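Shown below: final_1.txt, with compact mmCIF, C-alpha atoms and all ligand atoms.
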# COMPACT_ATOMS: atom_id res chain seq x y z
CA MET A 13 128.33 100.67 54.73
CA GLN A 14 131.45 102.33 56.07
CA THR A 15 132.49 99.08 57.73
CA VAL A 16 132.09 97.35 54.39
CA GLN A 17 134.42 99.86 52.72
CA PHE A 18 136.83 99.59 55.63
CA PHE A 19 137.18 95.84 55.18
CA ARG A 20 137.37 96.11 51.43
CA ARG A 21 140.42 98.34 51.89
CA LEU A 22 141.83 96.18 54.67
CA LEU A 23 141.71 93.08 52.50
CA GLY A 24 142.88 94.95 49.43
CA LEU A 25 139.94 93.68 47.43
CA THR A 26 139.54 94.67 43.82
CA SER A 27 136.86 93.98 41.28
CA PRO A 28 135.10 91.60 40.89
CA TRP A 29 135.41 90.94 44.65
CA SER A 30 133.69 93.05 47.28
CA VAL A 31 132.49 92.83 50.86
CA GLN A 32 128.89 91.71 51.11
CA ARG A 33 128.39 92.13 54.83
CA VAL A 34 130.19 92.48 58.13
CA THR A 35 128.76 90.99 61.30
CA VAL A 36 130.19 92.02 64.65
CA ALA A 37 129.39 89.87 67.66
CA PRO A 38 130.76 91.71 70.74
CA GLU A 39 129.70 88.97 73.14
CA LYS A 40 131.78 86.43 71.16
CA LYS A 41 134.53 88.97 70.44
CA ARG A 42 134.26 88.05 66.81
CA VAL A 43 133.91 89.73 63.42
CA ASP A 44 132.64 87.87 60.36
CA VAL A 45 133.29 89.37 56.94
CA THR A 46 131.45 87.84 54.01
CA LEU A 47 132.79 88.43 50.52
CA THR A 48 131.07 88.13 47.20
CA HIS A 49 131.83 88.78 43.57
CA ARG A 50 130.08 90.53 40.71
CA ARG A 51 128.39 88.22 38.25
CA PRO A 52 128.38 87.16 35.54
CA VAL A 53 132.14 87.46 35.39
CA PRO A 54 134.81 85.13 33.99
CA PHE A 55 137.61 83.74 36.19
CA PRO A 56 140.95 82.36 35.01
CA CYS A 57 141.76 78.66 35.28
CA PRO A 58 144.29 78.46 38.16
CA GLU A 59 146.51 76.26 36.03
CA CYS A 60 146.61 77.82 32.57
CA GLY A 61 145.04 81.23 33.12
CA VAL A 62 142.36 80.88 30.45
CA ALA A 63 139.31 82.99 31.34
CA LEU A 64 136.29 80.79 31.86
CA PRO A 65 132.70 81.28 32.96
CA VAL A 66 131.84 80.29 36.51
CA TYR A 67 130.71 76.69 36.60
CA ASP A 68 129.53 76.63 40.22
CA HIS A 69 130.66 77.66 43.72
CA THR A 70 132.14 75.78 46.65
CA ALA A 71 130.27 75.74 49.91
CA SER A 72 131.21 78.72 52.05
CA ARG A 73 134.92 78.64 53.01
CA SER A 74 136.53 80.59 55.87
CA TRP A 75 139.91 82.23 56.35
CA ARG A 76 141.30 83.61 59.53
CA HIS A 77 142.26 87.27 59.15
CA LEU A 78 144.19 89.65 61.41
CA ASP A 79 142.24 90.44 64.55
CA THR A 80 140.15 93.59 64.45
CA GLY A 81 140.64 95.46 67.73
CA GLY A 82 141.22 92.17 69.52
CA PHE A 83 138.22 90.53 67.92
CA LEU A 84 138.80 87.27 66.12
CA THR A 85 138.16 88.06 62.48
CA LEU A 86 137.06 85.56 59.88
CA VAL A 87 136.58 86.07 56.17
CA HIS A 88 133.98 83.93 54.40
CA ALA A 89 133.28 83.36 50.73
CA CYS A 90 131.96 80.81 48.31
CA VAL A 91 134.79 80.27 45.84
CA PRO A 92 133.86 80.02 42.16
CA ARG A 93 134.84 76.91 40.27
CA VAL A 94 135.60 76.86 36.58
CA ARG A 95 135.63 73.98 34.17
CA CYS A 96 138.78 74.06 32.09
CA LEU A 97 139.00 71.91 28.99
CA PHE A 98 142.49 70.85 29.97
CA HIS A 99 142.47 70.98 33.74
CA GLY A 100 138.97 69.91 34.66
CA THR A 101 136.83 71.51 37.35
CA ARG A 102 139.00 73.74 39.54
CA GLN A 103 138.59 76.31 42.30
CA VAL A 104 139.81 79.71 41.16
CA LEU A 105 142.52 81.55 43.05
CA VAL A 106 141.33 84.24 45.43
CA PRO A 107 143.28 87.47 45.91
CA TRP A 108 143.22 87.47 49.73
CA ALA A 109 144.64 84.01 50.40
CA LEU A 110 147.01 81.43 48.97
CA GLU A 111 145.75 78.19 47.54
CA HIS A 112 144.76 75.70 50.25
CA ALA A 113 145.49 78.24 53.00
CA ARG A 114 143.12 78.72 55.90
CA PHE A 115 144.46 82.22 56.54
CA THR A 116 144.44 85.45 54.64
CA ILE A 117 147.75 86.65 53.23
CA PRO A 118 148.11 89.51 55.76
CA PHE A 119 147.58 87.01 58.57
CA GLU A 120 150.18 84.61 57.17
CA ARG A 121 152.65 87.41 56.79
CA TRP A 122 152.14 88.41 60.39
CA ALA A 123 152.35 84.80 61.54
CA ILE A 124 155.70 84.35 59.79
CA ASP A 125 157.04 87.42 61.55
CA VAL A 126 155.89 86.04 64.87
CA LEU A 127 157.37 82.61 64.09
CA ARG A 128 160.70 84.22 63.33
CA GLU A 129 160.73 85.91 66.71
CA THR A 130 159.64 83.02 68.84
CA ASP A 131 159.36 79.25 68.84
CA VAL A 132 156.40 77.37 67.49
CA LEU A 133 154.76 76.92 70.85
CA GLY A 134 154.99 80.64 71.59
CA ALA A 135 153.62 81.45 68.18
CA THR A 136 150.65 79.16 68.59
CA ARG A 137 149.75 80.97 71.81
CA LEU A 138 150.22 84.48 70.49
CA LEU A 139 148.43 83.83 67.24
CA ARG A 140 145.82 81.50 68.70
CA ILE A 141 146.48 78.86 66.08
CA SER A 142 147.19 75.13 66.36
CA TRP A 143 150.47 73.31 65.85
CA ASP A 144 149.27 72.05 62.50
CA GLU A 145 148.39 75.52 61.40
CA ALA A 146 151.72 76.98 62.44
CA TRP A 147 153.56 74.27 60.54
CA GLY A 148 151.33 74.73 57.52
CA ILE A 149 152.24 78.41 57.41
CA MET A 150 155.92 77.62 57.61
CA ALA A 151 155.70 74.88 55.01
CA ARG A 152 154.13 77.27 52.54
CA ALA A 153 156.76 79.90 53.32
CA VAL A 154 159.53 77.43 52.59
CA SER A 155 158.08 76.15 49.34
CA ARG A 156 157.52 79.72 48.17
CA GLY A 157 161.14 80.46 48.96
CA GLN A 158 162.21 77.35 47.06
CA ARG A 159 160.23 78.32 44.00
CA ALA A 160 161.59 81.85 44.13
CA LYS A 161 165.14 80.65 44.39
CA GLN A 162 167.12 81.35 41.30
CA LYS A 163 168.78 78.57 39.42
CA ARG A 164 172.33 79.62 40.01
CA VAL A 165 175.43 77.54 39.61
CA ILE A 166 176.99 76.31 42.83
CA ALA A 167 180.62 75.52 42.18
CA ARG A 168 181.55 74.00 45.54
CA LEU A 169 179.08 71.83 47.34
CA GLY A 170 179.26 70.44 50.83
CA ILE A 171 177.21 67.36 51.63
CA ASP A 172 176.57 66.51 55.18
CA GLU A 173 174.44 64.09 57.07
CA LYS A 174 172.79 65.00 60.28
CA GLY A 175 171.59 62.45 62.77
CA ILE A 176 168.42 62.93 64.69
CA GLY A 177 167.77 61.50 68.08
CA LYS A 178 169.95 58.54 68.94
CA GLY A 179 171.24 57.87 65.47
CA HIS A 180 168.27 56.04 64.05
CA CYS A 181 167.23 58.80 61.77
CA TYR A 182 169.19 60.95 59.36
CA PHE A 183 168.81 63.66 56.88
CA THR A 184 171.06 64.94 54.14
CA MET A 185 172.03 68.57 53.88
CA VAL A 186 173.50 70.12 50.77
CA ASN A 187 175.36 73.36 51.32
CA ASP A 188 176.85 76.00 49.13
CA LEU A 189 180.36 76.17 50.58
CA ASP A 190 181.19 79.55 49.12
CA ARG A 191 178.06 81.31 50.25
CA GLY A 192 177.56 79.31 53.41
CA THR A 193 173.93 78.65 52.64
CA VAL A 194 171.83 75.52 52.92
CA GLU A 195 170.58 74.55 49.49
CA TYR A 196 168.69 71.39 50.07
CA VAL A 197 167.53 69.11 52.83
CA ALA A 198 166.41 65.59 52.10
CA GLU A 199 165.17 62.85 54.32
CA ASP A 200 167.55 60.01 55.14
CA ARG A 201 171.10 59.56 53.87
CA LYS A 202 170.51 57.16 51.04
CA GLN A 203 171.70 57.46 47.47
CA GLU A 204 168.20 58.56 46.55
CA SER A 205 168.30 61.37 49.14
CA LEU A 206 171.16 63.03 47.31
CA GLU A 207 170.00 62.07 43.84
CA GLN A 208 166.83 64.03 44.51
CA TYR A 209 168.97 67.12 44.79
CA TYR A 210 171.02 66.46 41.68
CA ARG A 211 167.88 65.79 39.70
CA SER A 212 166.53 69.20 40.67
CA LEU A 213 169.47 70.88 38.93
CA SER A 214 169.65 72.05 35.33
CA GLU A 215 172.34 70.74 33.00
CA GLU A 216 174.16 74.01 33.35
CA GLN A 217 174.12 73.76 37.13
CA LEU A 218 175.39 70.18 37.04
CA ALA A 219 178.18 71.12 34.66
CA GLY A 220 179.15 74.00 36.93
CA ILE A 221 179.94 71.79 39.92
CA GLN A 222 183.68 71.85 40.49
CA ALA A 223 184.09 70.20 43.87
CA VAL A 224 181.92 68.24 46.28
CA ALA A 225 183.08 67.90 49.86
CA MET A 226 181.53 64.96 51.67
CA ASP A 227 181.92 62.12 54.09
CA MET A 228 183.26 58.75 52.92
CA TRP A 229 179.74 57.50 52.56
CA ASP A 230 179.08 55.15 49.66
CA PRO A 231 175.51 56.25 48.84
CA TYR A 232 176.65 59.88 48.48
CA ILE A 233 179.60 58.81 46.36
CA ALA A 234 177.35 56.73 44.11
CA ALA A 235 174.78 59.51 43.73
CA THR A 236 177.48 62.01 42.82
CA LYS A 237 179.04 59.63 40.29
CA VAL A 238 175.68 59.17 38.58
CA HIS A 239 175.04 62.89 38.09
CA VAL A 240 178.31 64.80 38.15
CA ALA A 241 180.72 64.40 35.25
CA GLU A 242 184.26 63.48 36.28
CA ALA A 243 183.10 63.01 39.83
CA GLY A 244 186.27 61.07 40.58
CA GLN A 245 188.30 64.26 40.43
CA LYS A 246 185.71 66.42 42.12
CA ILE A 247 184.79 64.47 45.25
CA VAL A 248 186.77 65.56 48.28
CA PHE A 249 186.46 63.46 51.40
CA ASP A 250 186.47 65.98 54.04
CA ARG A 251 189.15 66.48 56.61
CA TYR A 252 186.54 66.75 59.36
CA HIS A 253 184.98 63.49 58.41
CA VAL A 254 188.33 61.73 58.09
CA MET A 255 189.35 63.01 61.51
CA ARG A 256 186.06 61.78 62.91
CA TYR A 257 187.11 58.20 62.14
CA MET A 258 190.38 58.77 63.87
CA LEU A 259 188.79 60.38 66.94
CA LYS A 260 186.48 57.42 67.23
CA ALA A 261 189.48 55.08 67.08
CA VAL A 262 191.28 57.00 69.82
CA ASP A 263 188.20 56.81 71.98
CA GLU A 264 187.84 53.08 71.45
CA VAL A 265 191.46 52.51 72.40
CA ARG A 266 190.93 54.57 75.55
CA LYS A 267 187.78 52.71 76.52
CA ALA A 268 189.40 49.29 76.14
CA GLU A 269 192.53 50.33 78.00
CA HIS A 270 190.52 51.98 80.75
CA ARG A 271 188.52 48.78 81.22
CA ALA A 272 191.69 46.71 81.44
CA LEU A 273 193.33 49.13 83.90
CA LEU A 274 190.21 49.28 86.06
CA ALA A 275 190.29 45.52 86.36
CA GLU A 276 193.69 45.96 88.02
CA GLY A 277 192.31 48.72 90.21
CA ASN A 278 194.07 51.49 88.24
CA ARG A 279 191.87 54.54 87.68
CA ILE A 280 194.42 56.63 85.83
CA LEU A 281 192.24 56.99 82.72
CA SER A 282 189.08 57.98 84.58
CA GLY A 283 187.54 61.16 83.28
CA THR A 284 190.05 61.58 80.47
CA LYS A 285 187.79 61.07 77.47
CA TYR A 286 187.88 64.63 76.15
CA LEU A 287 191.46 65.19 77.13
CA TRP A 288 192.47 62.87 74.28
CA LEU A 289 189.99 64.18 71.76
CA TYR A 290 191.04 67.83 71.82
CA SER A 291 193.46 68.80 69.13
CA GLU A 292 196.73 69.77 70.73
CA GLU A 293 196.53 73.51 70.17
CA ASN A 294 192.93 73.68 71.35
CA LEU A 295 193.50 71.93 74.63
CA PRO A 296 192.52 74.26 77.47
CA GLU A 297 195.64 75.34 79.30
CA PRO A 298 194.77 73.93 82.73
CA LEU A 299 194.61 70.46 81.14
CA GLU A 300 197.99 70.60 79.44
CA GLU A 301 199.92 69.31 82.42
CA TRP A 302 197.49 66.50 82.95
CA LEU A 303 197.86 65.37 79.36
CA ALA A 304 201.64 65.69 79.49
CA ALA A 305 201.77 63.53 82.64
CA LEU A 306 199.56 60.87 81.07
CA ARG A 307 201.59 60.86 77.89
CA GLY A 308 204.71 60.15 79.95
CA LEU A 309 203.15 56.85 81.03
CA HIS A 310 203.39 55.21 77.58
CA LEU A 311 199.79 54.20 77.48
CA LYS A 312 198.16 52.73 74.38
CA THR A 313 195.81 55.69 74.46
CA GLY A 314 198.82 58.00 74.36
CA ARG A 315 200.08 56.29 71.22
CA ALA A 316 196.68 56.54 69.56
CA TRP A 317 196.56 60.21 70.49
CA ALA A 318 199.97 60.86 68.91
CA LEU A 319 198.82 59.13 65.71
CA LYS A 320 195.72 61.27 65.64
CA GLU A 321 197.71 64.46 66.06
CA SER A 322 200.10 63.44 63.31
CA LEU A 323 197.29 62.61 60.91
CA ARG A 324 195.97 66.16 61.26
CA ASP A 325 199.19 67.44 59.71
CA LEU A 326 198.22 65.82 56.43
CA TRP A 327 196.18 68.87 55.46
CA SER A 328 198.83 71.40 56.36
CA TYR A 329 201.02 70.79 53.31
CA GLN A 330 201.24 73.18 50.43
CA ARG A 331 201.72 70.45 47.88
CA ARG A 332 200.03 67.20 47.25
CA GLY A 333 203.31 65.29 46.86
CA TRP A 334 204.42 66.21 50.34
CA ALA A 335 201.08 65.19 51.77
CA GLU A 336 201.36 61.84 50.01
CA ARG A 337 204.74 61.23 51.56
CA HIS A 338 203.42 62.15 54.98
CA TRP A 339 200.59 59.71 54.45
CA ARG A 340 202.88 56.83 53.55
CA HIS A 341 204.90 57.30 56.74
CA TRP A 342 201.82 57.75 58.81
CA TYR A 343 200.12 54.71 57.33
CA PHE A 344 203.10 52.50 58.09
CA TRP A 345 203.22 53.78 61.66
CA ALA A 346 199.46 53.37 62.18
CA THR A 347 199.23 49.88 60.70
CA HIS A 348 202.14 48.75 62.88
CA SER A 349 200.72 50.29 66.04
CA ARG A 350 198.95 47.09 67.18
CA LEU A 351 196.00 49.27 68.09
CA MET A 352 193.12 47.57 66.33
CA PRO A 353 190.73 50.54 66.12
CA VAL A 354 193.53 52.72 64.73
CA ILE A 355 194.50 50.11 62.16
CA ALA A 356 190.88 49.86 61.04
CA ALA A 357 190.58 53.64 60.72
CA ALA A 358 193.86 53.83 58.80
CA LYS A 359 192.65 51.19 56.35
CA THR A 360 189.36 53.00 55.82
CA VAL A 361 191.20 56.21 55.06
CA GLN A 362 193.68 54.40 52.80
CA ARG A 363 190.82 52.99 50.72
CA HIS A 364 189.54 56.51 50.11
CA LEU A 365 192.90 58.22 49.82
CA PRO A 366 192.67 59.44 46.20
CA ASN A 367 189.61 61.48 47.05
CA ILE A 368 191.12 62.74 50.27
CA LEU A 369 194.08 64.06 48.32
CA THR A 370 191.78 65.87 45.86
CA TYR A 371 191.74 68.40 48.69
CA PHE A 372 195.01 69.72 47.34
CA GLU A 373 193.36 70.65 44.03
CA HIS A 374 190.16 72.11 45.44
CA ARG A 375 190.96 73.15 48.99
CA VAL A 376 187.39 72.69 50.10
CA THR A 377 186.24 71.49 53.45
CA ASN A 378 182.92 71.03 55.06
CA ALA A 379 184.05 73.36 57.80
CA ALA A 380 181.37 75.68 56.50
CA SER A 381 178.76 72.96 56.86
CA GLU A 382 179.99 72.20 60.33
CA GLY A 383 179.63 75.86 61.07
CA LEU A 384 176.15 75.80 59.66
CA ASN A 385 175.30 72.87 61.85
CA SER A 386 176.44 74.51 64.99
CA LYS A 387 175.03 77.89 64.13
CA ILE A 388 171.86 76.32 62.95
CA GLU A 389 170.01 78.24 65.61
CA ALA A 390 170.45 81.45 63.70
CA ILE A 391 167.39 82.06 61.65
CA LYS A 392 168.21 83.90 58.51
CA LYS A 393 165.79 85.99 56.57
CA THR A 394 165.82 83.74 53.53
CA PRO A 395 162.98 81.26 53.50
CA MET A 396 165.54 78.50 53.48
CA GLY A 397 167.37 79.88 56.46
CA PHE A 398 164.06 80.20 58.14
CA ALA A 399 163.41 76.51 57.66
CA ILE A 400 166.78 75.56 59.00
CA GLY A 401 166.23 77.60 62.08
CA ILE A 402 163.22 75.55 62.77
CA ILE A 403 165.08 72.32 62.36
CA SER A 404 167.29 73.32 65.18
CA ARG A 405 164.53 74.27 67.51
CA TRP A 406 162.77 71.01 67.00
CA PRO A 407 165.43 68.67 65.84
CA PHE A 408 162.87 65.96 65.40
CA THR A 409 160.37 67.80 63.37
CA PHE A 410 161.40 69.45 60.25
CA THR A 411 162.67 66.55 58.25
CA VAL A 412 159.76 65.03 56.64
CA GLY A 413 158.04 61.73 56.63
CA ALA A 414 156.85 58.74 58.46
CA SER A 415 160.12 57.94 60.18
CA ILE A 416 160.10 61.32 61.81
CA SER A 417 156.48 61.05 62.80
CA THR A 418 157.22 57.80 64.54
CA LEU A 419 160.21 59.31 66.22
CA LEU A 420 158.14 62.24 67.28
CA GLY A 421 155.40 60.01 68.52
CA ARG A 422 157.90 58.26 70.70
CA LYS A 423 160.03 61.14 71.81
CA ALA A 424 157.57 63.88 72.37
CA GLU A 425 154.07 62.88 73.13
CA GLY A 426 151.64 65.59 72.32
CA ARG A 427 153.67 66.77 69.38
CA THR A 428 152.76 63.92 67.08
CA LYS A 429 150.09 66.04 65.51
CA MET A 430 152.66 68.46 64.32
CA ALA A 431 154.52 65.81 62.37
CA GLY A 432 151.45 65.20 60.31
CA ALA A 433 151.47 68.80 59.22
CA LEU A 434 154.97 68.47 57.86
CA MET A 435 154.23 66.25 54.95
CA PRO A 436 154.16 68.99 52.28
CA LEU A 437 157.82 69.63 52.93
CA GLN A 438 159.04 66.66 50.93
CA GLY A 439 161.89 67.77 48.72
CA LEU A 440 162.51 70.86 50.73
ZN ZN B 1 143.26 75.26 32.51
Take the structure in this file and express it as structure tokens.
Ligand SMILES: [Zn+2]
Amino acid sequence: MQTVQFFRRLLGLTSPWSVQRVTVAPEKKRVDVTLTHRRPVPFPCPECGVALPVYDHTASRSWRHLDTGGFLTLVHACVPRVRCLFHGTRQVLVPWALEHARFTIPFERWAIDVLRETDVLGATRLLRISWDEAWGIMARAVSRGQRAKQKRVIARLGIDEKGIGKGHCYFTMVNDLDRGTVEYVAEDRKQESLEQYYRSLSEEQLAGIQAVAMDMWDPYIAATKVHVAEAGQKIVFDRYHVMRYMLKAVDEVRKAEHRALLAEGNRILSGTKYLWLYSEENLPEPLEEWLAALRGLHLKTGRAWALKESLRDLWSYQRRGWAERHWRHWYFWATHSRLMPVIAAAKTVQRHLPNILTYFEHRVTNAASEGLNSKIEAIKKTPMGFAIGIISRWPFTFTVGASISTLLGRKAEGRTKMAGALMPLQGL
């Protein structure tokens, strides 16, 4: 009898629920706790809350509970079903576990703490649960966090894509640039990926958007134009993304020139890839001389490098007019450089110039998002931050859907099962 009371307290049971019996099996190191409820007693419909008489019971269901003195502890009960006029025959909610969960609430809480402290594999060992189960617990934690999240206005958004694996798979991240928080993660980088986010906002939230920093990526532009009023003045193509085009151009020039020089037996450009990609003031000191010597040789790569460095100055102006003038000079120089990759990059930037110059009204950059990406390892206490932490640990896993499962299946045999457990995360 005392054991019965003990477990009633442990599970925080209140009327009409009580512990019917406790079976301890020392040889199996296992405790089984069977619960029952007083009857006849009405239960609320899980959907609308209307009190209804019990229609029937499910077969006995089990939930894993916190171990009792090292003994695996399972809670069992037959869950009442009610027949609601509006919602049909439904299982009622039980006070010790969440809907569809295979664990009691105290166990889930503990599991989340463990998952925060370690990686998934470690957690599965410590908690003696499977991959699927660990992911299920995290998925529920994230969706709870999402539901709990207040509908606040986010004035300055950063939209970023993140590639997974070797660039075959993407997801879209929406960040609050002022708070430095991740607001939304969607699969892929299509127009629909971002539209999903906009559709989740209230009218007030949509009206409150003042600036959206993003890459020059047509699907994102289109999605933003559909949902955000006066998007033309609010979209800011980000400095980091613009510079990425230019860095790529510099690297292409270097590769082509290096190939040509090698053919003549000249290895001068060997091992110089990153030398050219550093921004001038970030170049490690020991490399400065090397770069200076190479620049003295009037290489094509040196010219591309100088163009890249000059383009960076565009964002240093106080006033838009000055930046525009700088751009016109730069554009002339770049398009007359006879460096094909640079010319192509210059033309791309030119096409998007109006929304690059919106920077001077809004002064937003995705630097915060970039920071988020690199610091993605840090698991914050918010459920959202928690999710993002997991993305980083298993870059292939947390974005949802078939594409990821396939990727997982290919990249990490033995982890395919886990991908299956991720499905409830759609719309994270
Ligand atoms: Zn109902």
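A distance search around ligand ZN 1 (chain B) (12 Å at most, all atoms listed in the file) returns the following protein and nucleic acid residues: A:Phe55, A:Pro56, A:Cys57, A:Pro58, A:Glu59, A:Cys60, A:Gly61, A:Val62, A:Ala63, A:Leu64, A:Arg93, A:Val94, A:Arg95, A:Cys96, A:Leu97, A:Phe98, A:His99, A:Gly100, A:Thr101, A:Arg102, A:Gln103, A:Val104.
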Margin query: Need to verify the contact set: Arg256 of chain A, 12 Å, only C-alpha atoms, exclusion of same-chain residues closer than 2 positions in sequence. Can you return it as a PyMOL selection string?
Written below: chain A and resi 227-228+249-254+258-263+289-291+320+323-324+354+357-358+360-361
Checklist line | All residues 10 Å or closer to Leu369 of chain A, only C-alpha atoms, same chain fewer than 4 positions away omitted, as an NGL selection string | finding: :A and (245 or 247-251 or 326-327 or 331-333 or 335-336 or 339 or 364-365 or 373-375)
Store the residues of this selection in a file with C-alpha atoms, as a short mmCIF file (atom, residue, chain, number, x, y, z; two decimals), keeping the file's coordinate frame.
data_model
loop_
_atom_site.label_atom_id
_atom_site.label_comp_id
_atom_site.auth_asym_id
_atom_site.auth_seq_id
_atom_site.Cartn_x
_atom_site.Cartn_y
_atom_site.Cartn_z
CA GLN A 245 188.30 64.26 40.43
CA ILE A 247 184.79 64.47 45.25
CA VAL A 248 186.77 65.56 48.28
CA PHE A 249 186.46 63.46 51.40
CA ASP A 250 186.47 65.98 54.04
CA ARG A 251 189.15 66.48 56.61
CA LEU A 326 198.22 65.82 56.43
CA TRP A 327 196.18 68.87 55.46
CA ARG A 331 201.72 70.45 47.88
CA ARG A 332 200.03 67.20 47.25
CA GLY A 333 203.31 65.29 46.86
CA ALA A 335 201.08 65.19 51.77
CA GLU A 336 201.36 61.84 50.01
CA TRP A 339 200.59 59.71 54.45
CA HIS A 364 189.54 56.51 50.11
CA LEU A 365 192.90 58.22 49.82
CA GLU A 373 193.36 70.65 44.03
CA HIS A 374 190.16 72.11 45.44
CA ARG A 375 190.96 73.15 48.99
#
Next item on the list: Calculate how many Å separate atom CA of Ala198 of chain A from atom CA of Val186 of chain A, rounding to one decimal.
Entry: 8.5 Å
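Shortest separation to Ala318 of chain A among A:Gln208, A:Thr193, A:Gln222, A:Ser349 occurs at residue A:Ser349, atoms counted being only C-alpha atoms.
Here atom CA of Tyr210 of chain A and atom CA of Val376 of chain A stand 19.4 Å from one another.
The closest residue to Val132 of chain A, picked from A:Gly192, A:Gly148, A:Pro38, A:Pro92 and counting only C-alpha atoms, is A:Gly148.
Of the listed residues A:Ile124, A:Leu206, A:Arg20, A:Ser212, the one whose atoms come nearest to Leu139 of chain A is A:Ile124, with distances taken using all atoms listed in the file.
The space separating atom CA of Gly314 of chain A from atom CA of Arg340 of chain A comes to 21.2 Å.
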Tell me, counting only C-alpha atoms, for each residue of segment 106-183 of chain A within 10 Å of segment 74-84 of chain A, which pair of atoms is nearest and how far apart they are in Å to one decimal, in rows ordered by chain and increasing number, as JSON lines.
{"residue": "A:Trp108", "atom": "CA", "partner": "A:Trp75", "partner_atom": "CA", "distance": 9.1}
{"residue": "A:Ala109", "atom": "CA", "partner": "A:Trp75", "partner_atom": "CA", "distance": 7.8}
{"residue": "A:Ala113", "atom": "CA", "partner": "A:Trp75", "partner_atom": "CA", "distance": 7.6}
{"residue": "A:Arg114", "atom": "CA", "partner": "A:Trp75", "partner_atom": "CA", "distance": 4.8}
{"residue": "A:Phe115", "atom": "CA", "partner": "A:Trp75", "partner_atom": "CA", "distance": 4.6}
{"residue": "A:Thr116", "atom": "CA", "partner": "A:His77", "partner_atom": "CA", "distance": 5.3}
{"residue": "A:Ile117", "atom": "CA", "partner": "A:His77", "partner_atom": "CA", "distance": 8.1}
{"residue": "A:Pro118", "atom": "CA", "partner": "A:Leu78", "partner_atom": "CA", "distance": 6.9}
{"residue": "A:Phe119", "atom": "CA", "partner": "A:Leu78", "partner_atom": "CA", "distance": 5.2}
{"residue": "A:Glu120", "atom": "CA", "partner": "A:His77", "partner_atom": "CA", "distance": 8.6}
{"residue": "A:Arg121", "atom": "CA", "partner": "A:Leu78", "partner_atom": "CA", "distance": 9.9}
{"residue": "A:Trp122", "atom": "CA", "partner": "A:Leu78", "partner_atom": "CA", "distance": 8.1}
{"residue": "A:Ala123", "atom": "CA", "partner": "A:Leu78", "partner_atom": "CA", "distance": 9.5}
{"residue": "A:Leu139", "atom": "CA", "partner": "A:Leu78", "partner_atom": "CA", "distance": 9.3}
{"residue": "A:Arg140", "atom": "CA", "partner": "A:Leu84", "partner_atom": "CA", "distance": 9.4}
{"residue": "A:Ile141", "atom": "CA", "partner": "A:Arg76", "partner_atom": "CA", "distance": 9.6}
Resulting file, chosen residues, C-alpha atoms, as a PDB file, in the coordinates of the input:
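To be explicit, this is the file written out as out.pdb:
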ATOM      1  CA  TRP A 108     143.220  87.470  49.730  1.00  0.00           C
ATOM      2  CA  ALA A 109     144.640  84.010  50.400  1.00  0.00           C
ATOM      3  CA  ALA A 113     145.490  78.240  53.000  1.00  0.00           C
ATOM      4  CA  ARG A 114     143.120  78.720  55.900  1.00  0.00           C
ATOM      5  CA  PHE A 115     144.460  82.220  56.540  1.00  0.00           C
ATOM      6  CA  THR A 116     144.440  85.450  54.640  1.00  0.00           C
ATOM      7  CA  ILE A 117     147.750  86.650  53.230  1.00  0.00           C
ATOM      8  CA  PRO A 118     148.110  89.510  55.760  1.00  0.00           C
ATOM      9  CA  PHE A 119     147.580  87.010  58.570  1.00  0.00           C
ATOM     10  CA  GLU A 120     150.180  84.610  57.170  1.00  0.00           C
ATOM     11  CA  ARG A 121     152.650  87.410  56.790  1.00  0.00           C
ATOM     12  CA  TRP A 122     152.140  88.410  60.390  1.00  0.00           C
ATOM     13  CA  ALA A 123     152.350  84.800  61.540  1.00  0.00           C
ATOM     14  CA  LEU A 139     148.430  83.830  67.240  1.00  0.00           C
ATOM     15  CA  ARG A 140     145.820  81.500  68.700  1.00  0.00           C
ATOM     16  CA  ILE A 141     146.480  78.860  66.080  1.00  0.00           C
TER      17      ILE A 141
END
Next item on the list: May I have the residues within 10 Å of Val53 of chain A as a list in words, using all atoms listed in the file and disregarding those fewer than 2 positions away in the same chain?
Entry: Ser27, Pro28, His49, Arg50, Arg51, Phe55, Ala63, Leu64, Pro65 and Val66 of chain A
Please output segment 102-106 of chain A, rebuilt to include N, CA, C and O atoms, as a compact mmCIF listing (two decimals), keeping the file's coordinate frame.
# COMPACT_ATOMS: atom_id res chain seq x y z
N ARG A 102 138.01 73.24 38.57
CA ARG A 102 139.00 73.74 39.54
C ARG A 102 138.48 74.97 40.26
O ARG A 102 137.77 75.79 39.69
N GLN A 103 138.88 75.07 41.55
CA GLN A 103 138.59 76.31 42.30
C GLN A 103 139.49 77.42 41.78
O GLN A 103 140.68 77.18 41.56
N VAL A 104 138.96 78.61 41.63
CA VAL A 104 139.81 79.71 41.16
C VAL A 104 140.65 80.23 42.33
O VAL A 104 140.37 79.94 43.50
N LEU A 105 141.69 80.96 42.00
CA LEU A 105 142.52 81.55 43.05
C LEU A 105 141.85 82.81 43.56
O LEU A 105 141.26 83.56 42.78
N VAL A 106 141.92 83.03 44.87
CA VAL A 106 141.33 84.24 45.43
C VAL A 106 142.44 85.21 45.82
O VAL A 106 143.53 84.76 46.18
